[in-house]
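Source file: data.csv; contents: CSV, C-alpha atoms.
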```
chain,number,residue,atom,x,y,z
A,1296,MET,CA,-18.7,-14.8,-28.9
A,1297,LEU,CA,-16.6,-13.3,-26.1
A,1298,SER,CA,-14.0,-10.6,-26.7
A,1299,SER,CA,-10.4,-11.5,-27.2
A,1300,LYS,CA,-9.6,-9.7,-23.9
A,1301,ALA,CA,-11.9,-12.0,-22.0
A,1302,MET,CA,-10.5,-15.1,-23.7
A,1303,LEU,CA,-6.9,-14.4,-22.7
A,1304,ASP,CA,-5.4,-17.1,-20.5
A,1305,GLY,CA,-3.6,-14.6,-18.2
A,1306,HIS,CA,-6.1,-14.8,-15.4
A,1307,GLY,CA,-5.0,-16.8,-12.3
A,1308,GLU,CA,-8.0,-19.1,-12.6
A,1309,GLU,CA,-6.2,-21.3,-15.0
A,1310,SER,CA,-2.9,-21.3,-13.1
A,1311,PRO,CA,-1.5,-24.3,-11.1
A,1312,TYR,CA,-2.3,-22.3,-8.0
A,1313,PHE,CA,-6.0,-22.4,-8.6
A,1314,GLN,CA,-5.9,-25.9,-10.0
A,1315,GLY,CA,-4.4,-26.9,-6.7
A,1316,TRP,CA,-7.3,-25.1,-4.9
A,1317,LYS,CA,-9.8,-27.1,-6.9
A,1318,GLU,CA,-8.1,-30.4,-5.9
A,1319,TYR,CA,-8.2,-29.3,-2.3
A,1320,GLU,CA,-11.9,-28.6,-2.4
A,1321,LYS,CA,-12.5,-32.1,-3.8
A,1322,ASN,CA,-10.5,-33.7,-1.0
A,1323,PRO,CA,-9.9,-31.4,2.0
A,1324,TYR,CA,-7.8,-32.6,4.9
A,1325,ASP,CA,-9.4,-33.3,8.3
A,1326,ASP,CA,-7.4,-34.8,11.2
A,1327,ILE,CA,-10.3,-37.1,12.1
A,1328,GLN,CA,-12.6,-37.5,9.1
A,1329,ASN,CA,-10.0,-37.3,6.3
A,1330,PRO,CA,-6.4,-37.6,7.6
A,1331,THR,CA,-5.1,-38.5,4.1
A,1332,GLY,CA,-6.7,-35.4,2.5
A,1333,ILE,CA,-5.1,-32.4,0.9
A,1334,ILE,CA,-3.8,-29.5,3.2
A,1335,GLN,CA,-4.4,-26.1,1.9
A,1336,MET,CA,-1.0,-24.4,1.8
A,1337,GLY,CA,-1.7,-21.7,-0.8
A,1338,LEU,CA,-4.0,-19.4,1.1
A,1339,ALA,CA,-2.6,-16.5,3.1
A,1340,GLU,CA,-5.5,-16.3,5.4
A,1341,LYS,CA,-5.2,-15.5,9.1
A,1342,GLN,CA,-7.8,-16.8,11.6
A,1343,LEU,CA,-5.7,-16.6,14.7
A,1344,SER,CA,-7.3,-13.3,16.0
A,1345,LEU,CA,-10.9,-13.4,14.9
A,1346,ASP,CA,-11.9,-13.9,18.5
A,1347,LEU,CA,-10.6,-10.5,19.3
A,1348,LEU,CA,-12.8,-9.0,16.6
A,1349,ARG,CA,-15.8,-11.0,17.6
A,1350,THR,CA,-15.4,-9.7,21.2
A,1351,TRP,CA,-15.2,-6.1,20.0
A,1352,LEU,CA,-18.3,-6.5,17.9
A,1353,GLU,CA,-20.3,-8.0,20.8
A,1354,ASN,CA,-19.3,-5.0,22.9
A,1355,ASN,CA,-20.0,-2.4,20.2
A,1356,GLN,CA,-23.5,-2.9,18.9
A,1357,ASP,CA,-23.7,0.5,17.3
A,1358,ALA,CA,-21.3,-0.8,14.5
A,1359,THR,CA,-23.3,-3.9,13.7
A,1360,ARG,CA,-26.7,-2.3,14.1
A,1361,LEU,CA,-25.7,0.7,11.9
A,1362,THR,CA,-26.6,3.1,14.7
A,1363,ASN,CA,-24.7,6.1,16.2
A,1364,ASN,CA,-25.4,6.7,19.9
A,1365,GLY,CA,-28.6,4.6,19.5
A,1366,GLU,CA,-29.8,6.6,16.4
A,1367,SER,CA,-30.1,4.8,13.1
A,1368,VAL,CA,-27.7,5.8,10.3
A,1369,PHE,CA,-29.1,3.3,7.9
A,1370,ARG,CA,-30.7,5.9,5.6
A,1371,ASP,CA,-27.4,7.8,5.3
A,1372,LEU,CA,-25.4,4.7,4.5
A,1373,ALA,CA,-28.0,3.2,2.1
A,1374,LEU,CA,-28.2,6.2,-0.2
A,1375,PHE,CA,-25.7,7.4,-2.7
A,1376,GLN,CA,-22.2,8.1,-1.3
A,1377,ASP,CA,-19.3,10.1,-2.7
A,1378,TYR,CA,-16.9,7.5,-4.2
A,1379,HIS,CA,-14.0,9.2,-2.4
A,1380,GLY,CA,-15.0,7.3,0.7
A,1381,LEU,CA,-16.4,8.1,4.2
A,1382,PRO,CA,-14.1,10.8,5.8
A,1383,ALA,CA,-14.4,9.1,9.2
A,1384,PHE,CA,-13.1,5.8,7.8
A,1385,LYS,CA,-10.2,7.4,5.9
A,1386,ASN,CA,-9.1,9.5,8.9
A,1387,VAL,CA,-8.8,6.5,11.3
A,1388,LEU,CA,-7.2,4.4,8.5
A,1389,ALA,CA,-4.5,7.1,8.1
A,1390,GLU,CA,-3.9,7.1,11.8
A,1391,PHE,CA,-3.7,3.3,11.9
A,1392,MET,CA,-1.2,3.2,9.0
A,1393,ALA,CA,1.0,5.6,10.9
A,1394,GLU,CA,0.8,3.6,14.1
A,1395,ILE,CA,2.0,0.4,12.3
A,1396,ARG,CA,5.1,2.4,11.3
A,1397,GLY,CA,5.8,3.6,14.8
A,1398,ASN,CA,4.4,7.0,14.0
A,1399,LYS,CA,7.6,7.8,12.2
A,1400,VAL,CA,5.6,9.0,9.2
A,1401,SER,CA,2.1,10.5,8.9
A,1402,PHE,CA,-0.5,10.0,6.2
A,1403,ASP,CA,-2.8,12.5,4.7
A,1404,SER,CA,-6.3,10.9,4.5
A,1405,ARG,CA,-7.0,13.1,1.4
A,1406,LYS,CA,-4.4,11.1,-0.5
A,1407,LEU,CA,-6.0,7.7,0.3
A,1408,VAL,CA,-7.9,6.0,-2.5
A,1409,LEU,CA,-10.3,3.3,-1.3
A,1410,MET,CA,-11.0,0.2,-3.4
A,1411,ALA,CA,-12.2,-3.4,-2.9
A,1412,ARG,CA,-9.1,-5.6,-2.4
A,1413,ALA,CA,-5.4,-4.9,-2.7
A,1414,THR,CA,-5.4,-6.7,-6.1
A,1415,SER,CA,-7.7,-4.1,-7.5
A,1416,ASP,CA,-5.4,-1.4,-6.0
A,1417,SER,CA,-2.4,-2.8,-7.7
A,1418,GLU,CA,-4.1,-3.3,-11.0
A,1419,THR,CA,-5.6,0.3,-10.9
A,1420,LEU,CA,-2.1,1.8,-10.2
A,1421,MET,CA,-0.6,-0.1,-13.1
A,1422,PHE,CA,-3.5,0.9,-15.3
A,1423,CYS,CA,-2.9,4.6,-14.5
A,1424,ILE,CA,0.9,4.4,-14.8
A,1425,ALA,CA,1.5,2.1,-17.8
A,1426,GLU,CA,0.4,1.5,-21.3
A,1427,HIS,CA,-0.3,-1.9,-22.8
A,1428,GLY,CA,3.0,-3.7,-23.1
A,1429,ASP,CA,4.9,-1.6,-20.6
A,1430,ALA,CA,6.8,-3.5,-17.9
A,1431,PHE,CA,7.3,-3.6,-14.1
A,1432,LEU,CA,10.2,-5.2,-12.4
A,1433,LEU,CA,9.4,-7.6,-9.5
A,1434,PRO,CA,11.9,-9.3,-7.1
A,1435,THR,CA,11.7,-13.1,-7.0
A,1436,PRO,CA,10.1,-15.0,-5.6
A,1437,TYR,CA,6.8,-13.3,-6.0
A,1438,TYR,CA,3.0,-14.0,-6.3
A,1439,PRO,CA,1.9,-12.3,-9.5
A,1440,GLY,CA,-1.8,-12.5,-8.9
A,1441,ASP,CA,-3.9,-11.4,-11.8
A,1442,LEU,CA,-2.0,-8.2,-12.7
A,1443,LYS,CA,-1.3,-9.0,-16.3
A,1444,TRP,CA,-4.7,-10.2,-17.5
A,1445,ARG,CA,-6.7,-7.1,-18.1
A,1446,ILE,CA,-4.2,-4.3,-18.4
A,1447,GLY,CA,-1.6,-6.2,-20.5
A,1448,VAL,CA,1.5,-5.2,-18.6
A,1449,GLU,CA,4.7,-7.3,-18.6
A,1450,LEU,CA,6.3,-8.5,-15.4
A,1451,VAL,CA,10.1,-8.9,-15.5
A,1452,PRO,CA,11.7,-10.7,-12.6
A,1453,ILE,CA,14.5,-9.3,-10.5
A,1454,HIS,CA,16.4,-12.5,-9.9
A,1455,CYS,CA,17.2,-12.9,-6.2
A,1456,SER,CA,19.2,-15.7,-4.7
A,1457,SER,CA,18.9,-17.9,-1.6
A,1458,SER,CA,22.7,-17.4,-1.1
A,1459,ASN,CA,22.0,-14.0,0.5
A,1460,GLY,CA,18.4,-14.6,1.8
A,1461,PHE,CA,16.8,-13.5,-1.4
A,1462,LYS,CA,17.8,-9.8,-0.9
A,1463,ILE,CA,17.7,-7.5,-3.9
A,1464,THR,CA,21.1,-6.4,-5.2
A,1465,LYS,CA,22.2,-3.5,-7.4
A,1466,PHE,CA,23.4,-6.0,-10.0
A,1467,ALA,CA,20.1,-7.8,-10.1
A,1468,LEU,CA,18.1,-4.6,-10.5
A,1469,GLU,CA,20.3,-3.4,-13.4
A,1470,GLU,CA,20.2,-6.9,-15.0
A,1471,ALA,CA,16.4,-7.0,-14.9
A,1472,TYR,CA,16.2,-3.5,-16.4
A,1473,GLN,CA,18.6,-4.4,-19.2
A,1474,GLN,CA,16.6,-7.6,-19.9
A,1475,ALA,CA,13.5,-5.6,-20.2
A,1476,GLN,CA,15.3,-3.2,-22.6
A,1477,LYS,CA,16.4,-6.2,-24.7
A,1478,LEU,CA,12.8,-7.3,-25.0
A,1479,SER,CA,11.8,-3.7,-26.1
A,1480,PHE,CA,9.7,-3.2,-22.9
A,1481,ASN,CA,9.3,0.3,-21.5
A,1482,VAL,CA,10.0,-0.1,-17.8
A,1483,LYS,CA,7.5,2.0,-15.8
A,1484,GLY,CA,8.3,0.9,-12.2
A,1485,VAL,CA,9.5,-1.5,-9.6
A,1486,PHE,CA,6.9,-3.4,-7.6
A,1487,ILE,CA,7.9,-4.8,-4.3
A,1488,THR,CA,6.0,-6.5,-1.4
A,1489,ASN,CA,7.3,-5.3,2.0
A,1490,PRO,CA,6.9,-7.4,4.2
A,1491,SER,CA,7.5,-10.0,1.5
A,1492,ASN,CA,5.0,-12.4,0.1
A,1493,PRO,CA,6.0,-15.2,0.1
A,1494,LEU,CA,9.3,-14.9,2.1
A,1495,GLY,CA,7.9,-13.4,5.3
A,1496,THR,CA,10.8,-10.9,5.6
A,1497,THR,CA,11.1,-7.1,5.7
A,1498,MET,CA,13.5,-5.0,3.7
A,1499,SER,CA,16.4,-3.2,5.4
A,1500,HIS,CA,17.0,0.5,5.1
A,1501,VAL,CA,20.0,-0.2,2.9
A,1502,LYS,CA,18.0,-2.2,0.4
A,1503,LEU,CA,15.2,0.4,0.3
A,1504,ASP,CA,17.9,3.1,-0.3
A,1505,GLU,CA,19.2,1.0,-3.3
A,1506,LEU,CA,15.7,0.8,-4.7
A,1507,ILE,CA,15.2,4.6,-4.3
A,1508,THR,CA,18.5,5.4,-6.0
A,1509,PHE,CA,17.6,3.0,-8.8
A,1510,SER,CA,14.1,4.6,-9.3
A,1511,VAL,CA,15.6,8.1,-9.3
A,1512,ALA,CA,18.2,7.1,-11.9
A,1513,LYS,CA,15.7,5.4,-14.2
A,1514,LYS,CA,12.9,8.0,-13.6
A,1515,ILE,CA,10.4,5.2,-12.8
A,1516,HIS,CA,7.7,4.6,-10.2
A,1517,LEU,CA,8.2,2.7,-7.0
A,1518,ILE,CA,5.2,0.7,-5.7
A,1519,SER,CA,5.3,-1.0,-2.3
A,1520,ASP,CA,2.6,-3.6,-1.4
A,1521,ALA,CA,2.5,-3.4,2.4
A,1522,ILE,CA,-0.5,-5.5,3.2
A,1523,PHE,CA,1.4,-7.4,5.9
A,1524,SER,CA,2.9,-4.3,7.6
A,1525,GLY,CA,0.8,-4.8,10.7
A,1526,THR,CA,2.0,-8.4,11.1
A,1527,VAL,CA,5.7,-7.7,11.8
A,1528,PHE,CA,6.4,-9.8,14.9
A,1529,GLU,CA,10.2,-9.4,15.3
A,1530,ASN,CA,12.5,-6.5,14.7
A,1531,LEU,CA,9.4,-4.2,15.0
A,1532,SER,CA,11.1,-1.2,13.5
A,1533,PHE,CA,9.4,-1.8,10.1
A,1534,ILE,CA,10.6,0.7,7.6
A,1535,SER,CA,8.1,2.1,5.2
A,1536,ILE,CA,9.1,3.2,1.7
A,1537,ILE,CA,7.7,6.6,2.5
A,1538,GLU,CA,9.9,6.8,5.6
A,1539,ALA,CA,13.0,5.8,3.5
A,1540,VAL,CA,12.2,8.5,0.9
A,1541,ILE,CA,11.7,11.2,3.6
A,1542,ASN,CA,15.1,10.2,5.2
A,1543,ARG,CA,16.7,10.9,1.9
A,1544,LYS,CA,15.0,14.4,1.9
A,1545,LEU,CA,13.4,13.7,-1.5
A,1546,GLU,CA,10.0,15.2,-0.8
A,1547,THR,CA,10.5,18.0,-3.3
A,1548,THR,CA,11.9,15.8,-6.1
A,1549,ASN,CA,10.0,14.2,-8.9
A,1550,LEU,CA,10.3,10.8,-7.2
A,1551,TRP,CA,7.9,11.9,-4.4
A,1552,SER,CA,4.9,11.7,-6.7
A,1553,ARG,CA,6.1,8.4,-8.1
A,1554,VAL,CA,6.1,6.5,-4.8
A,1555,HIS,CA,2.9,4.5,-4.0
A,1556,ILE,CA,1.8,2.2,-1.2
A,1557,VAL,CA,-0.8,-0.5,-1.5
A,1558,TYR,CA,-2.5,-1.6,1.7
A,1559,SER,CA,-5.4,-3.7,2.8
A,1560,LEU,CA,-7.1,-4.9,6.1
A,1561,SER,CA,-7.5,-8.4,4.7
A,1562,LYS,CA,-4.2,-9.8,6.2
A,1563,ASP,CA,-3.5,-7.8,9.3
A,1564,PHE,CA,-7.1,-8.1,10.6
A,1565,GLY,CA,-7.9,-11.4,8.9
A,1566,ILE,CA,-11.0,-10.1,7.1
A,1567,PRO,CA,-10.6,-10.8,3.4
A,1568,GLY,CA,-14.3,-11.2,3.0
A,1569,PHE,CA,-14.8,-7.5,3.8
A,1570,ARG,CA,-12.8,-6.6,0.6
A,1571,VAL,CA,-11.1,-3.5,1.9
A,1572,GLY,CA,-8.0,-2.1,0.0
A,1573,MET,CA,-6.4,1.2,-0.5
A,1574,ILE,CA,-3.8,3.2,-2.4
A,1575,TYR,CA,-1.7,5.9,-0.9
A,1576,SER,CA,0.1,8.2,-3.4
A,1577,ASN,CA,1.7,11.5,-2.6
A,1578,LYS,CA,-0.2,13.2,-5.3
A,1579,GLU,CA,-3.5,14.5,-3.9
A,1580,ARG,CA,-6.7,13.7,-5.9
A,1581,SER,CA,-4.6,11.5,-8.2
A,1582,THR,CA,-5.9,9.7,-11.3
A,1583,THR,CA,-6.4,6.6,-9.3
A,1584,THR,CA,-9.3,8.3,-7.5
A,1585,LYS,CA,-11.3,8.5,-10.7
A,1586,MET,CA,-10.7,4.8,-11.3
A,1587,SER,CA,-11.9,3.8,-7.8
A,1588,SER,CA,-15.5,4.1,-8.8
A,1589,TYR,CA,-15.2,0.7,-10.5
A,1590,GLY,CA,-14.5,-1.1,-7.3
A,1591,LEU,CA,-15.9,0.7,-4.3
A,1592,ILE,CA,-16.1,-0.5,-0.7
A,1593,SER,CA,-19.7,-0.5,0.6
A,1594,SER,CA,-20.6,2.4,2.9
A,1595,GLN,CA,-21.8,-0.1,5.5
A,1596,THR,CA,-18.4,-1.8,5.6
A,1597,GLN,CA,-16.6,1.5,5.9
A,1598,TYR,CA,-18.9,2.6,8.7
A,1599,LEU,CA,-18.3,-0.6,10.7
A,1600,LEU,CA,-14.6,-0.5,10.2
A,1601,SER,CA,-14.4,3.2,11.1
A,1602,LYS,CA,-15.9,2.3,14.5
A,1603,LEU,CA,-13.5,-0.6,14.9
A,1604,LEU,CA,-10.4,1.5,14.1
A,1605,SER,CA,-11.5,4.6,16.0
A,1606,GLY,CA,-10.6,3.0,19.4
A,1607,LYS,CA,-6.9,3.6,19.9
A,1608,GLU,CA,-6.7,1.2,22.9
A,1609,PHE,CA,-8.3,-1.6,20.9
A,1610,ARG,CA,-5.9,-1.0,17.9
A,1611,GLU,CA,-2.9,-1.1,20.1
A,1612,ASN,CA,-4.0,-4.2,22.0
A,1613,TYR,CA,-5.0,-6.0,18.9
A,1614,LEU,CA,-1.7,-5.4,17.1
A,1615,LYS,CA,0.3,-6.5,20.2
A,1616,GLU,CA,-1.7,-9.7,20.7
A,1617,ASN,CA,-2.0,-10.5,17.0
A,1618,ARG,CA,1.8,-10.2,16.5
A,1619,GLN,CA,2.5,-12.5,19.5
A,1620,ARG,CA,0.1,-15.1,18.2
A,1621,VAL,CA,1.6,-15.1,14.7
A,1622,LYS,CA,5.1,-15.3,16.2
A,1623,GLU,CA,4.1,-18.3,18.3
A,1624,ARG,CA,2.5,-20.1,15.4
A,1625,ARG,CA,5.6,-19.5,13.2
A,1626,VAL,CA,7.9,-20.8,15.9
A,1627,MET,CA,5.8,-23.9,16.2
A,1628,MET,CA,6.0,-24.4,12.4
A,1629,VAL,CA,9.8,-23.9,12.2
A,1630,VAL,CA,10.5,-26.2,15.2
A,1631,GLY,CA,8.3,-28.9,13.7
A,1632,LEU,CA,9.9,-28.7,10.3
A,1633,GLY,CA,13.3,-28.6,11.8
A,1634,GLN,CA,12.6,-31.9,13.6
A,1635,ALA,CA,11.8,-33.3,10.1
A,1636,GLY,CA,15.2,-32.1,8.8
A,1637,ILE,CA,13.7,-29.1,6.9
A,1638,SER,CA,15.2,-25.7,7.4
A,1639,CYS,CA,13.5,-22.3,6.9
A,1640,LEU,CA,14.5,-18.9,5.9
A,1641,LYS,CA,14.6,-16.6,8.9
A,1642,GLY,CA,11.5,-14.5,8.8
A,1643,ASN,CA,10.0,-11.7,10.9
A,1644,ALA,CA,6.7,-10.8,9.3
A,1645,GLY,CA,3.6,-12.0,7.5
A,1646,LEU,CA,2.0,-15.4,7.3
A,1647,PHE,CA,4.7,-17.2,5.5
A,1648,CYS,CA,7.5,-19.8,6.2
A,1649,TRP,CA,9.9,-20.2,3.3
A,1650,VAL,CA,11.2,-23.8,3.5
A,1651,ASP,CA,14.3,-25.3,2.0
A,1652,LEU,CA,13.5,-28.7,0.5
A,1653,ARG,CA,16.8,-29.1,-1.5
A,1654,ASN,CA,17.9,-32.0,0.7
A,1655,LEU,CA,14.8,-34.0,-0.4
A,1656,LEU,CA,15.4,-33.6,-4.1
A,1657,SER,CA,16.7,-36.4,-6.2
A,1658,SER,CA,19.2,-34.1,-7.7
A,1659,ASN,CA,20.3,-30.4,-7.3
A,1660,THR,CA,18.6,-29.2,-10.4
A,1661,PHE,CA,15.6,-27.0,-11.1
A,1662,THR,CA,13.8,-29.8,-12.9
A,1663,ALA,CA,14.0,-32.1,-9.9
```
Written as structure tokens, how would this file's structure read?
Amino acid sequence: MLSSKAMLDGHGEESPYFQGWKEYEKNPYDDIQNPTGIIQMGLAEKQLSLDLLRTWLENNQDATRLTNNGESVFRDLALFQDYHGLPAFKNVLAEFMAEIRGNKVSFDSRKLVLMARATSDSETLMFCIAEHGDAFLLPTPYYPGDLKWRIGVELVPIHCSSSNGFKITKFALEEAYQQAQKLSFNVKGVFITNPSNPLGTTMSHVKLDELITFSVAKKIHLISDAIFSGTVFENLSFISIIEAVINRKLETTNLWSRVHIVYSLSKDFGIPGFRVGMIYSNKERSTTTKMSSYGLISSQTQYLLSKLLSGKEFRENYLKENRQRVKERRVMMVVGLGQAGISCLKGNAGLFCWVDLRNLLSSNTFTA
């Protein structure tokens, strides 16, 4: 007999998303071998710039051979490592995160918590912040992942409308909070994705300010999933939640310790198989560090990526070329859909194209 926790149906494996994945695996599309097959539209995976990574690896054999200046570091990496992570990796990661944000903010590598995958980061944050049955507010549309399954939190939607491009409003924030109160949920925070998954947009300074004001008033946490922050291809002045808080001069307030960033290299570098995620919180040696021991990144992976990210010229060239490629691919998608009479939400980041199919519905209803 399995435990009641393991038998809960909250895991995404049973969702329509994964059911669709299984159908795709049975009948994958191929333009020659299987032109009537299923096209996988549910996976945010970027393969556009893997050639840049392969070229770097071919020219930097120390990273793949686990050597340093020709001397093997295999023994050092194979033996037990401190679960706080390799300092060399955390240092260059902090530099890279600052570069993505135009160096308008800096990050203290001591406050980075490394874990395998952004999903693990988000779940760990919620585990540390919330009790079973507590709630987080999420703007719609959103991809919930598997956040509810093990920790038992509730997700309350902040209803956003297509009429204003799905932007969060003060009214929608308060309405979601009041709905949670009616359901007797204790609201512990707001969870946003910026850039948005699945809209492919970034939040303006005004909207971030509204979120900050709301979080201060309600005395709750503010979590920003920023896993697409390096893939902003238009309006490159991406505003981080940390930058917005600093601009409000709130570093000495209680909110400062309640602001968190979730990040990963899976999307920006297109390496989800490496399973690299991280949490940045303004509270040094936070509780999340203790929890990271349940989902560590291997020392070998950290070593290879520390070498990859340590080259400032490579980082800059990669980001520039990758952004251009993503932009070109999106333009091609939008133009093609437009020729078919399908319009798209204006986007400037990420791997998404939010399409408007209302003109193809049999009636203007949710059921249709």
Skip Met1336 of chain A itself and residues of its chain fewer than 4 positions away, then list as a short mmCIF file (atom, residue, chain, number, x, y, z; two decimals) with C-alpha atoms, in the coordinates of the input all residues within 12 Å of it, counting only C-alpha atoms.
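Listed below is the output, around25.cif:
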```
data_model
loop_
_atom_site.label_atom_id
_atom_site.label_comp_id
_atom_site.auth_asym_id
_atom_site.auth_seq_id
_atom_site.Cartn_x
_atom_site.Cartn_y
_atom_site.Cartn_z
CA TYR A 1312 -2.30 -22.30 -8.00
CA PHE A 1313 -6.00 -22.40 -8.60
CA GLY A 1315 -4.40 -26.90 -6.70
CA TRP A 1316 -7.30 -25.10 -4.90
CA TYR A 1319 -8.20 -29.30 -2.30
CA PRO A 1323 -9.90 -31.40 2.00
CA TYR A 1324 -7.80 -32.60 4.90
CA GLU A 1340 -5.50 -16.30 5.40
CA PRO A 1493 6.00 -15.20 0.10
CA LEU A 1646 2.00 -15.40 7.30
CA PHE A 1647 4.70 -17.20 5.50
CA CYS A 1648 7.50 -19.80 6.20
CA TRP A 1649 9.90 -20.20 3.30
#
```
Please list as a PDB file with C-alpha atoms, in the coordinates of the input every residue within 9 Å of segment 1633-1639 of chain A, counting all atoms listed in the file and excluding residues in the same chain fewer than 4 positions away.
```
ATOM      1  CA  MET A1628       6.000 -24.400  12.400  1.00  0.00           C
ATOM      2  CA  VAL A1629       9.800 -23.900  12.200  1.00  0.00           C
ATOM      3  CA  CYS A1648       7.500 -19.800   6.200  1.00  0.00           C
ATOM      4  CA  TRP A1649       9.900 -20.200   3.300  1.00  0.00           C
ATOM      5  CA  VAL A1650      11.200 -23.800   3.500  1.00  0.00           C
ATOM      6  CA  ASP A1651      14.300 -25.300   2.000  1.00  0.00           C
ATOM      7  CA  LEU A1652      13.500 -28.700   0.500  1.00  0.00           C
ATOM      8  CA  ARG A1653      16.800 -29.100  -1.500  1.00  0.00           C
ATOM      9  CA  ASN A1654      17.900 -32.000   0.700  1.00  0.00           C
ATOM     10  CA  LEU A1655      14.800 -34.000  -0.400  1.00  0.00           C
TER      11      LEU A1655
END
```
Tell me which protein, DNA and RNA residues are within 8 Å of Ile1537 of chain A, counting only C-alpha atoms, leaving out same-chain ones fewer than 2 positions away, and put them as a list in words.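 Once the nearby chain positions are removed, what remains is Val1400, Ser1535, Ala1539, Val1540, Ile1541 and Val1554 of chain A.
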Using only C-alpha atoms for the distances, tell me which of A:Ile1534, A:Leu1600, A:Ile1424, A:Leu1591 is nearest to Ala1393 of chain A. A:Ile1534
Separation of atom CA of Leu1343 of chain A from atom CA of Leu1614 of chain A, in Å and rounded to one decimal: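 That distance, rounded to one decimal, is 12.1 Å.
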Counting all atoms listed in the file, figure out which residue out of A:Gly1380, A:Thr1497, A:Thr1526, A:Phe1461 gets nearest to Arg1405 of chain A.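 Counting all atoms listed in the file, the residue closest to Arg1405 of chain A is A:Gly1380.
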Residue nearest Val1511 of chain A - candidates A:Ile1574, A:Thr1548, A:Val1387, A:Val1557, atoms counted: only C-alpha atoms: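 Answer, going by the shortest atom-to-atom distance: A:Thr1548.
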Name the residues in contact with Leu1506 of chain A at a cut-off of 12 Å, using all atoms listed in the file, excluding same-chain residues fewer than 3 positions from it; report them as number ranges by chain. A: 1432-1434, 1453, 1462-1469, 1484-1487, 1498-1503, 1509-1519, 1536, 1539-1540, 1550, 1554
For the residues selected in the previous step, produce a file with C-alpha atoms as a PDB file, keeping the file's coordinate frame.
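Just written: selection-v9.pdb:
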```
ATOM      1  CA  LEU A1432      10.200  -5.200 -12.400  1.00  0.00           C
ATOM      2  CA  LEU A1433       9.400  -7.600  -9.500  1.00  0.00           C
ATOM      3  CA  PRO A1434      11.900  -9.300  -7.100  1.00  0.00           C
ATOM      4  CA  ILE A1453      14.500  -9.300 -10.500  1.00  0.00           C
ATOM      5  CA  LYS A1462      17.800  -9.800  -0.900  1.00  0.00           C
ATOM      6  CA  ILE A1463      17.700  -7.500  -3.900  1.00  0.00           C
ATOM      7  CA  THR A1464      21.100  -6.400  -5.200  1.00  0.00           C
ATOM      8  CA  LYS A1465      22.200  -3.500  -7.400  1.00  0.00           C
ATOM      9  CA  PHE A1466      23.400  -6.000 -10.000  1.00  0.00           C
ATOM     10  CA  ALA A1467      20.100  -7.800 -10.100  1.00  0.00           C
ATOM     11  CA  LEU A1468      18.100  -4.600 -10.500  1.00  0.00           C
ATOM     12  CA  GLU A1469      20.300  -3.400 -13.400  1.00  0.00           C
ATOM     13  CA  GLY A1484       8.300   0.900 -12.200  1.00  0.00           C
ATOM     14  CA  VAL A1485       9.500  -1.500  -9.600  1.00  0.00           C
ATOM     15  CA  PHE A1486       6.900  -3.400  -7.600  1.00  0.00           C
ATOM     16  CA  ILE A1487       7.900  -4.800  -4.300  1.00  0.00           C
ATOM     17  CA  MET A1498      13.500  -5.000   3.700  1.00  0.00           C
ATOM     18  CA  SER A1499      16.400  -3.200   5.400  1.00  0.00           C
ATOM     19  CA  HIS A1500      17.000   0.500   5.100  1.00  0.00           C
ATOM     20  CA  VAL A1501      20.000  -0.200   2.900  1.00  0.00           C
ATOM     21  CA  LYS A1502      18.000  -2.200   0.400  1.00  0.00           C
ATOM     22  CA  LEU A1503      15.200   0.400   0.300  1.00  0.00           C
ATOM     23  CA  PHE A1509      17.600   3.000  -8.800  1.00  0.00           C
ATOM     24  CA  SER A1510      14.100   4.600  -9.300  1.00  0.00           C
ATOM     25  CA  VAL A1511      15.600   8.100  -9.300  1.00  0.00           C
ATOM     26  CA  ALA A1512      18.200   7.100 -11.900  1.00  0.00           C
ATOM     27  CA  LYS A1513      15.700   5.400 -14.200  1.00  0.00           C
ATOM     28  CA  LYS A1514      12.900   8.000 -13.600  1.00  0.00           C
ATOM     29  CA  ILE A1515      10.400   5.200 -12.800  1.00  0.00           C
ATOM     30  CA  HIS A1516       7.700   4.600 -10.200  1.00  0.00           C
ATOM     31  CA  LEU A1517       8.200   2.700  -7.000  1.00  0.00           C
ATOM     32  CA  ILE A1518       5.200   0.700  -5.700  1.00  0.00           C
ATOM     33  CA  SER A1519       5.300  -1.000  -2.300  1.00  0.00           C
ATOM     34  CA  ILE A1536       9.100   3.200   1.700  1.00  0.00           C
ATOM     35  CA  ALA A1539      13.000   5.800   3.500  1.00  0.00           C
ATOM     36  CA  VAL A1540      12.200   8.500   0.900  1.00  0.00           C
ATOM     37  CA  LEU A1550      10.300  10.800  -7.200  1.00  0.00           C
ATOM     38  CA  VAL A1554       6.100   6.500  -4.800  1.00  0.00           C
TER      39      VAL A1554
END
```
Which is closer to Phe1422 of chain A than all the others in A:Ser1601, A:Thr1583, A:Asn1398, A:Ser1593, using all atoms listed in the file?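 Comparing A:Ser1601, A:Thr1583, A:Asn1398, A:Ser1593 against Phe1422 of chain A, the winner is A:Thr1583.
Of the residues listed (A:Ala1411, A:Leu1297, A:Leu1603, A:Ile1507), A:Leu1603 shows the shortest atom-to-atom separation from Asn1354 of chain A; distances use all atoms listed in the file.
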